[in-house]
Every structure is written in structure tokens, then in C-alpha cells.
Amino acid sequence: MKDSKSHHKKRIAEHISVLPKSGIRDFFELVNTMDDVISLGIGEPDFVTPWHIRESAIYSLEKGHTSYTSNLGLLSLRKEICAYLEKDYELDYDPVRECIITVGVSEALDLAIRAIVNPGDEIIYHEPCYVSYAPEISMAHGVPVPVVTREENNFAISPDDFRKAITPKTKAILLNFPCNPTGATLTVEQKKEIAEIAIEHDIIVITDEIYSELTYDDKSPSIATFPGMQERTIFLHGFSKAFAMTGSRIGYACGPADLIDAMMKVHQYSMLCASITAQEAAEEALRNGRSEMEKMKREYWQRRNVIVKRFNDMGLHCVKPNGAFYAFPRIKDTGLSSNDFAKRLLSEKKVAVIPGTAFGACGEGFVRCAYAASMEDIVEAMERVKDFIKKL
Amino acid sequence: MQNEILRMLNENARLTPGQIAERLNKSEKEVAAMIKRLEEDNIIKGYRAIVDESVFSPNCVKAIIEVKVRPERDGGFNNIAKRVSKFSEVSSLYLVSGGFDLLIEVQGGTLQEVADFVSSKLSTIEGVISTSTHFLLKKYKESGKMLHNEDEYERLKVSP
């Protein structure tokens, strides 16, 4: 038995076998064994994809549109995307050469990293962050270099910390604001400073703006719009969050033609193209989805106000997140570790939250609570958390 | 804030000022005062539940009536529209564009009641040229609410 196990281990590539499994996975298994759990652990909208978008997917099938599309994706969708980015983001991309449709932003991120990383190249990213960033970099034989974001800084990346992490091997920095799991955003000044450092050191900026429509109070322009930045920025976005289309798996990347062309090669030989049904649905989302999107955003905004107030009222300090749909309250003062807090809250009160450590070691002392849940569930969950910490 | 409150109450009239205040990041006092003003200004016209009427009046009959009328020299459609809307059988009345003029929703205890209303009250009004009555057979959606339940699809309980 022992022999066969070690024998099997050798079958797995070294850089894959050393990858940790996502901390969320363990939690998923645990939650799945329980009934009647209120889950604030779900990183996707609780809204169903708006009907007009679903209907256009059905219509696409009815018309018999069941083939491959161009590797880059439907030109009509790319045109729609570039028009949307011009209108809403003041970004100017050529739909023919500077835009590629991918299977979710996850694939776009994978393409971007694989297209630019030579073995040993360093990619700077910020923690706590989405679970796949460091593994994505490692899988491309790059070296992930985390920069810690801190609560006192509202979990924004400090330009100084970015500068300190730069070495001659630094190839790119990966930004995700609004941020999963902290909901943090960057101010204009912070973006400006990061942009200047990137230019000074000739660093590529990969910006994952999947949550950008869900920005609540002050919205600063994309880092790609700053002077000298468009030529060194890979802008990643998609339909999952703003249009509640996670299951459609449609994302995209826009950037300089040479980078998009390199990404296209990886995409062409690995994924070929994104589903045509989903691409046509995405087109409908951009054409007619604004009012539904605004409605969902208003609802998230209200939930954010409620959850943040409730956490602070019960004594768990919670920075007011300016974007996404996550609250990241500090639970350090309860004396429990993030993991124990989440596990005990689940077993004692049947409320699922994700330990901050699932998003990087510096997430210790925090938990992620997704407010992509109904207002009733959020309010009930907050009552239970309050009860839980009272009895600690 | 006014529109936000109206939108919320329009969706769920049972929200308390306290709940609304928490969601909008305002004080309860401010919200309560705003609601009071909206009521006084007749912008909020009332509160009621969307209910399954077939439970308390099982034989209730509803009809939509298209009415063609002759507008008056003075007042156009207004006088006749106001006059018709005074009947308690009329639950809604709209002036519309197209092939007819007034769209009326009528409710009665029985089929006969609605028929009587149309033949003896509505058609005989001076200025009514013709009526066309459509009895409602089944309701699927009302006031933005679907009246049938669809199976709920459950998301994964935890995801990144």
C-alpha cells in the first residue's frame, strides 16, 4: 500500500503536487454534510441570470447556433464589449486585435499569466486575495510574491509595499480591486502611484476587475486609463458578477495587441473558444442588461449597509467595503483563530463563513462573509453571530 | 432617498422605518419623517397585501373591458372617465392609445353581476359608443409578482 502510494505520488508533476488545495474546499465538504445552514460562504450572486439573458441563450440554441466561434470569440460580442468599455470605463480597445473572449475571468487570468511568465519570473499580487492567484502563477512556473494588504489601510495595497516587493525578476503585478475577499477598492491617488511605479520599473499590470460594476461609494477609473498604462495593462473582466452569469463562464481580456495575440495562442491550443450559447447571452446582457444590473447593485448596497452596521454594533470591527459583495470583519478579539471561529459558528449556529486564512496567511483574524444572500438570511445570520460571540 | 424609499415600499410595504434606515444608512427618524411626508403628499396612496383573492371570494369574476367613447368638446375624455371610475365595480381605469379609448378592469361577485354592469350601467352612459368585454380565466402574474412557484435551484453552499 505504502509503495503504491509513493509510486503514485511520483506520477504527479512536482509543481502540481506541492500546490495546496483551496482552503475553501475543506469547508465545502463540511458544510455539505449539514442541513439548514445559512451560508455567507458563497462567492457568487444569489440572483438568477436575468430572464432576458436566459431567453437569448435559449433563442441562440433554437436558431441552431451550436458551432465553434472564432478563437477570439464572436466579433459582434467583442464589439459590444469594446463599446461598453469605452462608455463606462473610458477605455479604448480595438475589438479585432485587442480583445479576447474566455471561459470566465479565471481562464483570462490563466492566459495572461501563461503568456508572459518565463520560469522564475516573479509576479507580485496582494493578499488576502482570491484563492487561485498564487497557484495560477506557480502552475505557470512563475514565482508568486505576495504583498500584504492591511485593515488599517482598508485593505488597499500600499504603493510603498508594492515598490519594496520589486526585484529585477519582477514581471508583473496582479491587482484585484474591488477585492475578493475584502471588498477593498483603490483611490485615484493609489492607482496613480501604482501606475507610476509600474512604468518606472517596466512592469505589466494585470487588473482583474470582475467586481468593478459593484462599486458603491466612490468609483475611481480603471488603472488602465492612467497615462502610459494602456500599453502595459491587461484588463480582465467578465459577466459573472454584475450580470449574475457565473454558470455561463464568460470572461474577457483586453490589452495591447501583442499580449492578446500571445494569450490567443494559449487559448487556441487549450480551450479553443468559449461556448457560443453563453457568448450570445453575454451580448444580450451588454445590450439590454443595465437596468437589471442596477437593480441588483442597489440590493447589494443595502445588504452591505446592514451587514457592516450589524458587525460593528456587535463589536466585531468591520471595514466598510467599497465594492464586491464581501464583508471581512475582524474576529481576532474573540480569541479564536479564523478557522476555529468559522468551524464553531458553523457547528453551533449553522452559519457558514469562510476563514480569512483561505485567502492567504495574513487573513488570520478575519472571516469572509458574502452578502450575496437574501436580506432575511443576512439579518438572521447576524443575530446568530451575535449570539455566538456573546457566549464565547 | 425619497425614490429609494418608494422603491423599497413598493416592493415590500411591511418594511419598518428602522429596517429601511439600516439599509439606506440613514437614521430611523429621518426615514419615518420622509414616509410621513410622502403619505401626506399622497405619493404613498396606501398599503395593502397582494393576496390570492380566490380564497376569500371563490366565485369572484374579473373582466377587462375595452370601451370606445365619444370625447366631449369640453373636457375630452376626462368627464366620462371620471364618471365611470366612480362605480365600485371598476377596480382600474386607464385612457389608452390604439383601437379603443378606455381600458377598464371590473370585478364582480358573479358572472351575472359583471354582465349586468356592462349592459345596464356602462353601455348606457352618454358618450359610450361600444364595449368589448374579456373575462379573465387565470392569473399568472400580478403587480410584478409571479403567482406560481418555480422549483428553487440551490447554489453550492460554499464557493470561492
# chains A, B, ... in the order shown; residues from 1 in each chain; ligands from 1
>>> select_by_dssp(residues="stretch 70-140 of chain B", states="strand (DSSP E)", output="PyMOL selection string")
chain B and resi 90-95+102-108+128-135
>>> write_last_selection(atoms="C-alpha atoms", output="short mmCIF file (atom, residue, chain, number, x, y, z; two decimals), in the first residue's frame")
data_model
loop_
_atom_site.label_atom_id
_atom_site.label_comp_id
_atom_site.auth_asym_id
_atom_site.auth_seq_id
_atom_site.Cartn_x
_atom_site.Cartn_y
_atom_site.Cartn_z
CA VAL B 90 -64.43 49.31 -11.51
CA SER B 91 -61.07 48.45 -9.97
CA SER B 92 -58.84 50.21 -12.53
CA LEU B 93 -59.43 52.55 -15.40
CA TYR B 94 -56.96 53.80 -17.97
CA LEU B 95 -57.14 56.04 -21.03
CA LEU B 102 -60.73 53.36 -22.08
CA LEU B 103 -59.37 50.17 -20.59
CA ILE B 104 -61.41 49.19 -17.56
CA GLU B 105 -60.85 46.42 -15.06
CA VAL B 106 -64.08 45.32 -13.50
CA GLN B 107 -64.69 42.96 -10.62
CA GLY B 108 -67.94 41.31 -9.59
CA VAL B 128 -70.10 55.32 -24.73
CA ILE B 129 -70.08 54.04 -28.30
CA SER B 130 -69.23 50.40 -27.81
CA THR B 131 -67.77 47.91 -25.30
CA SER B 132 -65.89 44.66 -25.65
CA THR B 133 -65.68 42.51 -22.52
CA HIS B 134 -62.91 39.96 -21.82
CA PHE B 135 -63.41 37.74 -18.78
#
>>> interface_residues(of="chain B", to="chain A", cutoff="7 Å", atoms="only C-alpha atoms", output="number ranges by chain")
B: 22-25, 157-160
>>> write_last_selection(atoms="N, CA and C atoms", output="mmCIF file, in the first residue's frame")
data_model
loop_
_atom_site.group_PDB
_atom_site.id
_atom_site.type_symbol
_atom_site.label_atom_id
_atom_site.label_comp_id
_atom_site.auth_asym_id
_atom_site.auth_seq_id
_atom_site.Cartn_x
_atom_site.Cartn_y
_atom_site.Cartn_z
ATOM 1 N N GLU B 22 -31.666 51.246 8.208
ATOM 2 C CA GLU B 22 -30.440 50.443 8.267
ATOM 3 C C GLU B 22 -29.924 50.153 6.864
ATOM 4 N N ARG B 23 -30.838 49.874 5.956
ATOM 5 C CA ARG B 23 -30.413 49.522 4.606
ATOM 6 C C ARG B 23 -29.892 50.723 3.830
ATOM 7 N N LEU B 24 -30.425 51.899 4.135
ATOM 8 C CA LEU B 24 -30.024 53.090 3.380
ATOM 9 C C LEU B 24 -28.981 53.908 4.109
ATOM 10 N N ASN B 25 -28.564 53.416 5.291
ATOM 11 C CA ASN B 25 -27.541 54.147 6.024
ATOM 12 C C ASN B 25 -28.034 55.506 6.526
ATOM 13 N N LYS B 157 -23.141 25.392 -1.516
ATOM 14 C CA LYS B 157 -23.238 26.112 -0.247
ATOM 15 C C LYS B 157 -22.006 26.949 0.051
ATOM 16 N N VAL B 158 -20.895 26.580 -0.542
ATOM 17 C CA VAL B 158 -19.663 27.351 -0.338
ATOM 18 C C VAL B 158 -18.948 27.427 -1.679
ATOM 19 N N SER B 159 -18.494 28.607 -2.063
ATOM 20 C CA SER B 159 -17.703 28.710 -3.289
ATOM 21 C C SER B 159 -16.746 29.879 -3.158
ATOM 22 N N PRO B 160 -15.644 29.824 -3.921
ATOM 23 C CA PRO B 160 -14.610 30.850 -3.748
ATOM 24 C C PRO B 160 -15.050 32.194 -4.269
#
>>> residues_around(residues="B:Phe100", least_positions_apart="5", cutoff="7 Å", atoms="only C-alpha atoms", output="list in words")
Glu66, Val67 and Lys68 of chain B
>>> closest_residue(among="A:Ser138, A:Ser60, A:Gln268, A:Ser220", to="A:Leu186", atoms="only C-alpha atoms")
A:Ser220
>>> closest_residue(among="A:Ile250, A:Ser374, A:Val145, A:Met293", to="A:Glu280", atoms="only C-alpha atoms")
A:Ile250
>>> residues_around(residues="B:Gly46", least_positions_apart="6", cutoff="12 Å", atoms="only C-alpha atoms", output="PyMOL selection string")
chain B and resi 6+9-10+13-14+35-36+38-40
>>> atom_distance(atom1="atom CA of A:Ser222", atom2="atom CA of A:Tyr89")
6.8 Å
